[in-house]
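Peer 1: Input: one structure, supplied below.
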Amino acid sequence: MSFTIRYKEDLLLFRDWFRELIRLHFSESSFWAGVKYPIEVRSHVRMLDNTEVDLMISNGKVVVIVELKECDIQKAIEQALKRRRFADYIYVSLDLHTYTILKMLRNYDQALKAGIGIISAKDECIVIRAYPQGRRRQRRVEKDDDRERIELLL
């Protein structure tokens, strides 16, 4: 599924935490004034290493990935740690209350050290904001039939 957000009204379909995520990472000043749209929202995206990302939001320059889980924080954090090289920012969204998430995070300090953001879908808020992941584009050099070097950005 792919959804393109062209106008502010398009965001009415989404929950508060999602609109806040857009505001944090894709607008520069007021809510919609600095947004360089279109912003593309895709779900169940297959990555280069054949893993699947639950939600990907991108405007062509910034990529935000959200791993969605009902309550399995351990699995969500493991997936986020593996997929963070594909994104500028990565979040884990859990259908739990904020106080429950904060209690559970005591056992998962590696998520905080890695800069992974945490969202409470039940309370509709961003509990911990993600830090930039330093996504690096990998270069791969190949030779075509004429023996010329071709550099590919992955």
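Just remember, in the structure tokens the first chain shown is A, the second B, etc., residues are 1-based per chain, and ligands are 1-based in the order shown.
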Counting only C-alpha atoms, what is within 12 Å of stretch 112-123 of chain A, bar same-chain residues fewer than 2 positions away, as a PyMOL selection string?
Peer 2: chain A and resi 14-18+20-21+24+64-71+73+76-85+87-102+104-110+125-134
Peer 1: At a cut-off of 6 Å, using only C-alpha atoms, what residues contact A:Ile57? Leave out same-chain residues fewer than 6 positions from it and give the result as a count of residues only.
Peer 2: 4
Peer 1: Determine which residues of stretch 49-111 of chain A receive a DSSP assignment of strand (DSSP E or B), computed from the backbone, and state them as a ChimeraX atom specification.
Peer 2: /A:52-58,63-69,89-94
Peer 1: Output C-alpha atoms for every residue in that selection, as a short mmCIF file (atom, residue, chain, number, x, y, z; two decimals), in the first residue's frame.
Peer 2:
data_model
loop_
_atom_site.label_atom_id
_atom_site.label_comp_id
_atom_site.auth_asym_id
_atom_site.auth_seq_id
_atom_site.Cartn_x
_atom_site.Cartn_y
_atom_site.Cartn_z
CA GLU A 52 10.00 -6.12 5.69
CA VAL A 53 9.42 -2.69 7.23
CA ASP A 54 5.96 -2.04 8.66
CA LEU A 55 5.74 1.67 7.77
CA MET A 56 8.04 3.93 5.75
CA ILE A 57 7.56 7.69 5.41
CA SER A 58 9.72 9.59 2.95
CA VAL A 63 13.34 8.46 5.48
CA VAL A 64 11.48 7.56 8.67
CA ILE A 65 10.71 3.93 9.48
CA VAL A 66 8.15 2.81 12.07
CA GLU A 67 7.96 -0.76 13.35
CA LEU A 68 4.43 -1.43 14.58
CA LYS A 69 3.75 -3.95 17.34
CA TYR A 89 15.06 8.06 11.86
CA ILE A 90 13.50 4.88 13.21
CA TYR A 91 10.65 4.43 15.66
CA VAL A 92 8.89 1.60 17.46
CA SER A 93 5.15 2.08 17.92
CA LEU A 94 3.50 0.00 20.65
#
Peer 1: What is the distance, in Å and to one decimal place, between atom CA of A:His25 and atom CA of A:Arg46?
Peer 2: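 Those two atoms sit 22.3 Å apart.
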Peer 1: If you measure from atom CA of A:Val45 to atom CA of A:Gln74, what distance in Å do you get, rounded to one decimal?
Peer 2: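 Answer for the atom CA of A:Val45 to atom CA of A:Gln74 separation: 21.0 Å.
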Peer 1: One decimal, Å: what's the distance from atom CA of A:Arg42 over to atom CA of A:Phe26, could you say?
Peer 2: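 So the two atoms, atom CA of A:Arg42 and atom CA of A:Phe26, lie 15.6 Å apart.
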